Structure formats: structure tokens, C-alpha cells
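Notes to accompany the following structure.
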Amino acid sequence: MKYYSLHHNSPQVSFREAVINGIAPDRGLYFPQEIRPLPPSFFEKIGAYDEQEIAFSAIRQFVGADIPEDELRTILGQVLDFEFPLVAIEEGVATLELFHGPTMAFKDVGARFMARCLGYFSGDRKKEVTVLVATSGDTGGAVANGFLGVPGVQVVILYPRGKVSEIQERQLTTLGRNISALEVEGTFDDCQRMVKQAFLDADLKQHTTLTSANSINVARWLPQMFYFLFAYRQAADQGKELVFSVPSGNFGNICAGMVAQRLGMPVTHFIASTNINDTVPRFMQQGHYDPRPSLSTISNAMDVGDPSNFDRIRHLFDDDFQALANHLTAYSFTDKETRKAILHIYQHSGYVADPHGAVGYLGVKKYQETHPHTYGIFLETAHPIKFLDVVEPVLGKKLEIPPQIQKVMDGKKVSTPIATYDELQSFLASPAR
Ligand SMILES: *Cc1c(COP(=O)(O)O)cnc(C)c1O
């Protein structure tokens, strides 16, 4: 499988190069040359396949010959070693829990898959690869965990000092080994600026192979289609039209769901549920794209004002607004509505949702006002414990700390404070790290 750049100004590359490059030289996102549907019998018989078989069938064509079949199966076995249960919430509404992985965020699957692909590809390279990533919270932990101990790969994570939760900070500073955490005196935007500068730094590139691990990387983006297929497998016998509501920030997850649809999954409509960072809901109303600086909310993993993966979504529909509108509805919700939803879900169903899942729930309910006969599935993208400072006061009760989280809370924090790009550069250049 070849990948081209959405800016159409770079050579086509194989999966291997797309993973190592992260982004194309013309700064465009990579996109697969074709998406071949799976046979209809695959979806008719999906209940007979286990998760690894489903994942293998879905991802095989996108990896192509770059990873041999048995190696790809081994990787998927390691990546998918936890549950993805569909939990009924109320009549016609269910949630797909994506938080049973090691860092309790849905980003675990993509981060682990990318780590193992990169580990496989660096086996035949002389030079180490350095993964450089800026995080506002959840990405850092999933990436640190996914890449821990992968040979030939060094990971450097930049996070804004005092602006991530304690649990999130522990998840990225206590692992050690090939994972380094840089505590930046500044905001998330400052972290991201430094990372971008490093990617453009010709001096640095002479002695370091840098790649990024955010959702623009095809190896982090594409495995997210598994979730939709796993949910379909569990809900196919509902006898109602299925619709997915995806709490969205950078729009990688929902875009992967749309790729699953292109594989032939019989689900035709998606709901993008956002917080007040409503660039896409405004686009779906007005038809023109008008990005804005991001605003802080209680669903902070979705605080994105200019979602990079929306380019891929528009491209999937050949930039035809009407075609896209036939398959996508987008809604935005305030923090106040989100808190109310967390309380409502708990009081009516006894279910504790995190702020991101609650935004997804609101999207399902709003869509069902006009489409009452659908079966709505919202994705629960993080465990509520990761947002306990929001959830506990709303519910007026304490949440139990799961063992994965307790383990990192007991670890020792190690980080290097930096304030300027020069400090990042000398850190990356230092042979001792
Ligand atoms: C990253 C994240 C999202 C947003 O996913 P996108 O693919 O960026 O749209 C939603 N919820 C949680 C908890 C996340 O960490």
C-alpha cells in the first residue's frame, strides 16, 4: 500500500516510510492510496471472529508487505490484550468502553501499535529513532507506556509544568528507561511550538532521526478503526440502525470510524460530539472552515481549535460538502451541559461517565430527538478516575482508584525542567540521554 500527501507535493511512500516520517515533507498528512472493502460475508459472520482476527483483516491492506503476516499478528496480539466491552446505558443507548488499557485512555491502542511498528522497522536501521511528542495530558502517558522498552526507539515527552493532572504527570515521569520527560516552563502551545521547531531544525536532523507520535501518524490513526468494528460485532443483532457518537478533538478517532465504514461496515452515520471548541460543528452548519484558538474545558483532551485530521475526513468525501453531510452530524456542548449529563447518567443508569464520554452521550441523545429508532453507541474514551477532580464533585462521591493508576501513583517522578528551545536542542543532542 502506498500513501500520498494531502498537499500533493511529496513523493508517495510505503507504510514503513509513512510511519517513520510521521508527516510528509510538504507538511501534508499521509493518506492511503486506496481502501478496498472487505467481503460482505466478513460483516455477516463477524460474530464468529475474535478481536485479533477482525483487527488483522482490517489493517492488513494498509500495512502491505512492510510487516510480514505472522509478525503483524504477533503485534496485534500484544496490542489488543484487554477488553472492549459494549455496556448498555438505557433503551437504545450503549457505550463502548475504550479505557481498559494500561493508561486507561483510548489512545493506548494506537500508541502501542505505532510503538511496535516502529520497533520492528528500527530493527534494520543503524540509527536510533527519537519520538518527540508534546502532550496536554493523555497522549503522553499512552505514548510513554506504549514505547517503554521498545529497542532502537528513544521517547522524549514535553509537557507544561503544573498544567497536567497529577495522575497524568505520574504516567509520563515514572517509567524511566527509554522514556524522558521534559517539564516545560510554559503552556501546551509552547511545548508544541518547540516540537515543531525541532522538526524543522536542519542541524538536529544531521545526527538524530526524529518522528512524532500524535494522531497524524498513520500507525496511530488507522488502528482506531478496530473500535468501531468491535462495537459492531457486539451490537449487530440489535435490529436497529447503528449510529456512533465520537467525542472528538483532533478528529482522528472518528475519521478512523469512517475508514471502517469504507471497509463495508454497515453503519452509515457518525456523530461528532465536541465541547465548545466547535470548529467542525460550525463548518457543518455554515460550510466554511474557520479554525479558532482552543479554549480550556473540562473535557480537555478535546480542546482543539484546528483539528488536523479533519483534512482526512474532507478528503474521504472528495471535499463534497453534501456527501459529507449525509454521513456526519456534529454538535457542540458546554461544560455545564457536560456536568449535567454526568449526573444524569449516574442517577438514571448508575453509570459513571468521564467528561469526554458524557459529551458523546449528549451527541447520541440530541441525534435521537430526530432519529428515535436508532441504536446509539457513544465511545467512552477515558476512565473517569483520570478526571476525578471534575467527576467526584459532580457526583458527590469518591471514585475507587484502579490498580493501573495506583501503581504509577507510587512511582518516583523523574523529569528535566526546560524553558527554551535551546535547552531542548541540547537535550536532544546530548549523547548521555
Ligand atoms: C484524544 C482524546 C479524545 C479525542 O480524540 P481525537 O481522535 O483527537 O478526536 C477524546 N477523549 C479522550 C479521553 C482523549 O484522550
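Labeling convention for the C-alpha cells: chains A, B, ... as they appear, residues from 1 per chain, ligands from 1 in order of appearance.
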*asked:* Just want the 9 Å neighbourhood of A:Thr416, counted on only C-alpha atoms, with same-chain residues fewer than 3 positions away dropped. Output as a ChimeraX atom specification.
replied: /A:180-184
*If you run DSSP on the backbone, which residues of stretch 57-243 of chain A are alpha helix (DSSP H), as number ranges by chain?*
A: 57-63, 69-79, 107-122, 138-147, 166-173, 188-199, 202-207, 218-221, 225-235
Handout entry: Within 6 Å of ligand 1 (only C-alpha atoms and all ligand atoms), residues as a ChimeraX atom specification
Key = /A:105,138,247-253,301-302,356,381-382
Requested write-out: N, CA and C atoms of the selected residues, as an mmCIF file, in the first residue's frame:
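Printed below is selection.cif as written:
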data_model
loop_
_atom_site.group_PDB
_atom_site.id
_atom_site.type_symbol
_atom_site.label_atom_id
_atom_site.label_comp_id
_atom_site.auth_asym_id
_atom_site.auth_seq_id
_atom_site.Cartn_x
_atom_site.Cartn_y
_atom_site.Cartn_z
ATOM 1 N N ALA A 105 -6.728 5.199 28.758
ATOM 2 C CA ALA A 105 -7.191 6.154 27.746
ATOM 3 C C ALA A 105 -7.269 5.397 26.423
ATOM 4 N N ASP A 138 -3.259 13.311 28.102
ATOM 5 C CA ASP A 138 -3.447 11.881 27.854
ATOM 6 C C ASP A 138 -2.469 11.255 26.867
ATOM 7 N N PRO A 247 -16.676 11.377 20.830
ATOM 8 C CA PRO A 247 -16.156 12.608 21.435
ATOM 9 C C PRO A 247 -14.879 13.004 20.713
ATOM 10 N N SER A 248 -14.888 14.170 20.077
ATOM 11 C CA SER A 248 -13.823 14.469 19.117
ATOM 12 C C SER A 248 -13.032 15.730 19.452
ATOM 13 N N GLY A 249 -11.720 15.646 19.207
ATOM 14 C CA GLY A 249 -10.819 16.780 19.411
ATOM 15 C C GLY A 249 -10.028 17.024 18.146
ATOM 16 N N ASN A 250 -9.087 16.095 17.877
ATOM 17 C CA ASN A 250 -8.299 16.200 16.663
ATOM 18 C C ASN A 250 -8.916 15.408 15.511
ATOM 19 N N PHE A 251 -10.025 14.737 15.760
ATOM 20 C CA PHE A 251 -10.842 14.028 14.753
ATOM 21 C C PHE A 251 -10.164 12.813 14.109
ATOM 22 N N GLY A 252 -9.149 12.256 14.813
ATOM 23 C CA GLY A 252 -8.519 11.045 14.291
ATOM 24 C C GLY A 252 -9.402 9.820 14.500
ATOM 25 N N ASN A 253 -9.992 9.728 15.693
ATOM 26 C CA ASN A 253 -10.803 8.570 16.035
ATOM 27 C C ASN A 253 -12.019 8.456 15.114
ATOM 28 N N ALA A 301 -8.981 16.834 26.671
ATOM 29 C CA ALA A 301 -8.332 16.129 25.552
ATOM 30 C C ALA A 301 -8.975 16.505 24.221
ATOM 31 N N MET A 302 -10.071 17.262 24.285
ATOM 32 C CA MET A 302 -10.738 17.685 23.046
ATOM 33 C C MET A 302 -10.635 19.197 22.848
ATOM 34 N N HIS A 356 -15.463 13.330 28.697
ATOM 35 C CA HIS A 356 -15.441 13.108 27.239
ATOM 36 C C HIS A 356 -16.579 12.186 26.817
ATOM 37 N N THR A 381 -13.959 7.328 26.092
ATOM 38 C CA THR A 381 -12.554 7.378 25.687
ATOM 39 C C THR A 381 -11.557 7.422 26.842
ATOM 40 N N ALA A 382 -12.033 7.665 28.062
ATOM 41 C CA ALA A 382 -11.110 7.660 29.204
ATOM 42 C C ALA A 382 -11.848 7.171 30.438
#
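Atom CA of A:Asp108 sits 20.3 Å away from atom CA of A:Tyr232.
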Give me the stretch 204-274 of chain A side of the contact with stretch 60-80 of chain A, cut-off 10 Å, one line per residue showing its nearest atom pair and distance in Å at one decimal, counting only C-alpha atoms, sorted by chain and residue number, as a Markdown table.
| residue | atom | partner | partner_atom | distance |
| --- | --- | --- | --- | --- |
| A:Val218 | CA | A:Phe62 | CA | 9.2 |
| A:Ala219 | CA | A:Val63 | CA | 9.0 |
| A:Leu222 | CA | A:Phe62 | CA | 8.3 |
| A:Pro223 | CA | A:Leu76 | CA | 9.6 |
| A:Phe226 | CA | A:Leu80 | CA | 9.8 |
Counting only C-alpha atoms, what is within 10 Å of A:Ser212, bar same-chain residues fewer than 5 positions away, as a ChimeraX atom specification?
-> /A:19-23,130-134,155-156,195-196,199,217
Writing out the chosen residues with N, CA, C and O atoms as an mmCIF file, in the first residue's frame:
data_model
loop_
_atom_site.group_PDB
_atom_site.id
_atom_site.type_symbol
_atom_site.label_atom_id
_atom_site.label_comp_id
_atom_site.auth_asym_id
_atom_site.auth_seq_id
_atom_site.Cartn_x
_atom_site.Cartn_y
_atom_site.Cartn_z
ATOM 1 N N VAL A 19 5.222 5.790 8.460
ATOM 2 C CA VAL A 19 5.315 5.697 9.930
ATOM 3 C C VAL A 19 6.567 6.412 10.429
ATOM 4 O O VAL A 19 6.524 7.151 11.417
ATOM 5 N N ILE A 20 7.684 6.204 9.735
ATOM 6 C CA ILE A 20 8.936 6.827 10.196
ATOM 7 C C ILE A 20 8.896 8.343 9.982
ATOM 8 O O ILE A 20 9.325 9.114 10.833
ATOM 9 N N ASN A 21 8.334 8.795 8.854
ATOM 10 C CA ASN A 21 8.274 10.248 8.599
ATOM 11 C C ASN A 21 7.250 10.957 9.473
ATOM 12 O O ASN A 21 7.414 12.125 9.796
ATOM 13 N N GLY A 22 6.154 10.289 9.792
ATOM 14 C CA GLY A 22 5.087 10.931 10.558
ATOM 15 C C GLY A 22 4.225 11.816 9.675
ATOM 16 O O GLY A 22 3.054 11.551 9.432
ATOM 17 N N ILE A 23 4.853 12.886 9.169
ATOM 18 C CA ILE A 23 4.161 13.803 8.270
ATOM 19 C C ILE A 23 4.987 13.909 6.988
ATOM 20 O O ILE A 23 6.206 13.714 7.021
ATOM 21 N N THR A 130 14.174 8.830 17.410
ATOM 22 C CA THR A 130 13.686 9.557 18.577
ATOM 23 C C THR A 130 12.254 10.019 18.322
ATOM 24 O O THR A 130 11.991 10.707 17.337
ATOM 25 N N VAL A 131 11.364 9.608 19.194
ATOM 26 C CA VAL A 131 9.974 10.039 19.105
ATOM 27 C C VAL A 131 9.827 11.261 19.998
ATOM 28 O O VAL A 131 10.110 11.204 21.191
ATOM 29 N N LEU A 132 9.416 12.368 19.381
ATOM 30 C CA LEU A 132 9.285 13.614 20.124
ATOM 31 C C LEU A 132 7.807 13.967 20.164
ATOM 32 O O LEU A 132 7.151 14.022 19.126
ATOM 33 N N VAL A 133 7.278 14.188 21.356
ATOM 34 C CA VAL A 133 5.839 14.428 21.432
ATOM 35 C C VAL A 133 5.516 15.463 22.511
ATOM 36 O O VAL A 133 6.117 15.466 23.581
ATOM 37 N N ALA A 134 4.605 16.381 22.162
ATOM 38 C CA ALA A 134 4.097 17.347 23.135
ATOM 39 C C ALA A 134 2.754 16.839 23.617
ATOM 40 O O ALA A 134 1.972 16.308 22.837
ATOM 41 N N VAL A 155 12.190 8.000 23.491
ATOM 42 C CA VAL A 155 10.994 8.837 23.534
ATOM 43 C C VAL A 155 11.243 10.068 24.395
ATOM 44 O O VAL A 155 11.766 9.941 25.513
ATOM 45 N N VAL A 156 10.930 11.233 23.872
ATOM 46 C CA VAL A 156 11.067 12.475 24.638
ATOM 47 C C VAL A 156 9.703 13.163 24.652
ATOM 48 O O VAL A 156 9.153 13.493 23.602
ATOM 49 N N VAL A 195 8.366 21.501 19.684
ATOM 50 C CA VAL A 195 8.415 20.252 18.917
ATOM 51 C C VAL A 195 8.448 20.555 17.422
ATOM 52 O O VAL A 195 9.254 19.997 16.674
ATOM 53 N N LYS A 196 7.607 21.491 16.998
ATOM 54 C CA LYS A 196 7.583 21.849 15.574
ATOM 55 C C LYS A 196 8.923 22.417 15.133
ATOM 56 O O LYS A 196 9.413 22.107 14.051
ATOM 57 N N PHE A 199 11.434 19.730 14.481
ATOM 58 C CA PHE A 199 11.239 19.026 13.203
ATOM 59 C C PHE A 199 11.796 19.815 12.015
ATOM 60 O O PHE A 199 12.094 19.247 10.974
ATOM 61 N N ASN A 217 0.186 10.499 12.682
ATOM 62 C CA ASN A 217 0.944 9.334 12.229
ATOM 63 C C ASN A 217 -0.018 8.198 11.863
ATOM 64 O O ASN A 217 -0.879 7.832 12.663
#
May I have the residues within 12 Å of A:Pro39 as a tab-separated table (two decimals) with N, CA, C and O atoms, in the first residue's frame, using only C-alpha atoms and disregarding those fewer than 3 positions away in the same chain?
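Done, and the output landed in result.tsv:
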chain	number	residue	atom	x	y	z
A	36	ARG	N	-9.76	-0.83	0.09
A	36	ARG	CA	-10.51	-1.93	-0.54
A	36	ARG	C	-11.50	-2.52	0.46
A	36	ARG	O	-11.09	-2.97	1.53
A	42	PHE	N	-17.75	-11.06	5.52
A	42	PHE	CA	-16.98	-10.75	6.73
A	42	PHE	C	-17.89	-10.10	7.77
A	42	PHE	O	-17.83	-10.44	8.95
A	43	PHE	N	-18.73	-9.19	7.32
A	43	PHE	CA	-19.60	-8.49	8.28
A	43	PHE	C	-20.79	-9.37	8.68
A	43	PHE	O	-21.25	-9.30	9.82
A	44	GLU	N	-21.26	-10.23	7.76
A	44	GLU	CA	-22.35	-11.13	8.13
A	44	GLU	C	-21.90	-12.12	9.20
A	44	GLU	O	-22.66	-12.48	10.09
A	45	LYS	N	-20.64	-12.54	9.12
A	45	LYS	CA	-20.16	-13.56	10.05
A	45	LYS	C	-19.27	-12.99	11.16
A	45	LYS	O	-18.54	-13.72	11.82
A	46	ILE	N	-19.33	-11.68	11.35
A	46	ILE	CA	-18.33	-11.04	12.24
A	46	ILE	C	-18.36	-11.62	13.66
A	46	ILE	O	-17.33	-11.68	14.33
A	57	SER	N	-7.77	-8.50	9.72
A	57	SER	CA	-8.46	-8.35	8.43
A	57	SER	C	-8.57	-6.88	8.04
A	57	SER	O	-8.47	-6.53	6.87
A	58	ALA	N	-8.78	-6.02	9.05
A	58	ALA	CA	-8.99	-4.60	8.76
A	58	ALA	C	-7.68	-3.89	8.40
A	58	ALA	O	-7.65	-3.07	7.48
A	262	ARG	N	-15.84	2.47	5.10
A	262	ARG	CA	-15.38	2.22	3.73
A	262	ARG	C	-14.97	0.76	3.53
A	262	ARG	O	-14.93	0.25	2.41
A	263	LEU	N	-14.63	0.10	4.64
A	263	LEU	CA	-14.31	-1.33	4.55
A	263	LEU	C	-15.58	-2.15	4.38
A	263	LEU	O	-15.50	-3.36	4.20
A	264	GLY	N	-16.74	-1.50	4.51
A	264	GLY	CA	-18.00	-2.19	4.30
A	264	GLY	C	-18.84	-2.36	5.57
A	264	GLY	O	-19.91	-2.96	5.53
A	265	MET	N	-18.36	-1.84	6.69
A	265	MET	CA	-19.15	-1.95	7.93
A	265	MET	C	-20.51	-1.27	7.71
A	265	MET	O	-20.56	-0.11	7.32
A	266	PRO	N	-21.63	-2.01	7.96
A	266	PRO	CA	-22.94	-1.45	7.64
A	266	PRO	C	-23.43	-0.40	8.65
A	266	PRO	O	-24.47	-0.56	9.26
Of A:Arg16, A:Lys107, A:Arg112, A:Arg170, the one nearest to A:Asp81 when counting only C-alpha atoms is A:Arg112
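Between A:Gly363 and the residues A:Leu379, A:Leu399, A:Ala272, A:Leu328, the shortest atom-to-atom distance, using only C-alpha atoms, involves A:Ala272.
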For this session: Find the residues around stretch 388-396 of chain A up to 8 Å (only C-alpha atoms counted), leave out those fewer than 4 positions away in its own chain, and share them as a ChimeraX atom specification.
Result: /A:298,339,342-343,346,354-355,384
Check: Neighbours of stretch 118-120 of chain A within 7 Å (only C-alpha atoms; same-chain residues fewer than 4 positions away dropped), as a PyMOL selection string?
Finding: chain A and resi 114+150-153
The distance between atom CA of A:Leu210 and atom CA of A:Thr139 is 17.5 Å
Of A:Val93, A:Ile59, A:Tyr375, A:Glu185, the one nearest to A:Leu424 when counting only C-alpha atoms is A:Glu185
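Considering only C-alpha atoms, the residue among A:Ala429, A:Ile313, A:Ile271, A:Val13 positioned nearest to A:Gly360 is A:Ile271.
For the pair atom CA of A:Gln192 and atom CA of A:Val304, the separation is 12.6 Å.
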#### Entry: Exercise: A:Phe228 partners within 10 Å, only C-alpha atoms, chain neighbours under 6 positions left out, as a ChimeraX atom specification
/A:96,234,244,253-254,256-261,265,267,377,379
Keeping only N, CA, C and O atoms, write the selected residues to a file as an mmCIF file, in the first residue's frame.
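Contents of the output file result-v6.cif:
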data_model
loop_
_atom_site.group_PDB
_atom_site.id
_atom_site.type_symbol
_atom_site.label_atom_id
_atom_site.label_comp_id
_atom_site.auth_asym_id
_atom_site.auth_seq_id
_atom_site.Cartn_x
_atom_site.Cartn_y
_atom_site.Cartn_z
ATOM 1 N N LEU A 96 -19.260 2.134 24.324
ATOM 2 C CA LEU A 96 -18.140 1.227 24.093
ATOM 3 C C LEU A 96 -16.981 1.720 24.959
ATOM 4 O O LEU A 96 -16.461 2.819 24.735
ATOM 5 N N GLN A 234 -20.536 -6.493 18.572
ATOM 6 C CA GLN A 234 -21.342 -6.700 19.773
ATOM 7 C C GLN A 234 -22.771 -6.182 19.625
ATOM 8 O O GLN A 234 -23.638 -6.540 20.417
ATOM 9 N N PHE A 244 -22.804 5.907 15.557
ATOM 10 C CA PHE A 244 -21.731 6.141 16.523
ATOM 11 C C PHE A 244 -21.626 7.616 16.868
ATOM 12 O O PHE A 244 -21.618 8.463 15.968
ATOM 13 N N ASN A 253 -9.992 9.728 15.693
ATOM 14 C CA ASN A 253 -10.803 8.570 16.035
ATOM 15 C C ASN A 253 -12.019 8.456 15.114
ATOM 16 O O ASN A 253 -12.272 7.411 14.515
ATOM 17 N N ILE A 254 -12.765 9.518 14.962
ATOM 18 C CA ILE A 254 -13.970 9.458 14.129
ATOM 19 C C ILE A 254 -13.603 9.212 12.667
ATOM 20 O O ILE A 254 -14.293 8.472 11.949
ATOM 21 N N ALA A 256 -11.137 7.441 11.641
ATOM 22 C CA ALA A 256 -10.855 6.002 11.531
ATOM 23 C C ALA A 256 -12.166 5.210 11.451
ATOM 24 O O ALA A 256 -12.254 4.211 10.728
ATOM 25 N N GLY A 257 -13.204 5.661 12.158
ATOM 26 C CA GLY A 257 -14.518 5.019 12.066
ATOM 27 C C GLY A 257 -15.065 5.098 10.648
ATOM 28 O O GLY A 257 -15.673 4.148 10.138
ATOM 29 N N MET A 258 -14.817 6.220 10.002
ATOM 30 C CA MET A 258 -15.283 6.377 8.626
ATOM 31 C C MET A 258 -14.503 5.478 7.661
ATOM 32 O O MET A 258 -15.037 5.043 6.639
ATOM 33 N N VAL A 259 -13.251 5.202 8.004
ATOM 34 C CA VAL A 259 -12.487 4.245 7.199
ATOM 35 C C VAL A 259 -13.095 2.840 7.374
ATOM 36 O O VAL A 259 -13.237 2.081 6.409
ATOM 37 N N ALA A 260 -13.501 2.505 8.611
ATOM 38 C CA ALA A 260 -14.160 1.202 8.856
ATOM 39 C C ALA A 260 -15.430 1.090 8.009
ATOM 40 O O ALA A 260 -15.756 0.027 7.484
ATOM 41 N N GLN A 261 -16.124 2.196 7.876
ATOM 42 C CA GLN A 261 -17.325 2.200 7.025
ATOM 43 C C GLN A 261 -16.953 1.898 5.565
ATOM 44 O O GLN A 261 -17.638 1.132 4.885
ATOM 45 N N MET A 265 -18.365 -1.842 6.694
ATOM 46 C CA MET A 265 -19.154 -1.953 7.925
ATOM 47 C C MET A 265 -20.510 -1.273 7.710
ATOM 48 O O MET A 265 -20.557 -0.107 7.318
ATOM 49 N N VAL A 267 -22.658 0.641 8.819
ATOM 50 C CA VAL A 267 -23.056 1.773 9.661
ATOM 51 C C VAL A 267 -22.833 2.997 8.791
ATOM 52 O O VAL A 267 -21.741 3.171 8.255
ATOM 53 N N ILE A 377 -24.393 4.415 19.888
ATOM 54 C CA ILE A 377 -23.238 3.969 20.671
ATOM 55 C C ILE A 377 -22.282 5.147 20.828
ATOM 56 O O ILE A 377 -21.802 5.695 19.834
ATOM 57 N N LEU A 379 -18.611 6.496 22.390
ATOM 58 C CA LEU A 379 -17.341 5.926 22.813
ATOM 59 C C LEU A 379 -16.931 6.561 24.138
ATOM 60 O O LEU A 379 -16.962 7.782 24.294
#
A:Leu98 proximity check over A:Asp318, A:Glu337, A:Glu380, A:Asp201, using only C-alpha atoms: winner is A:Glu380
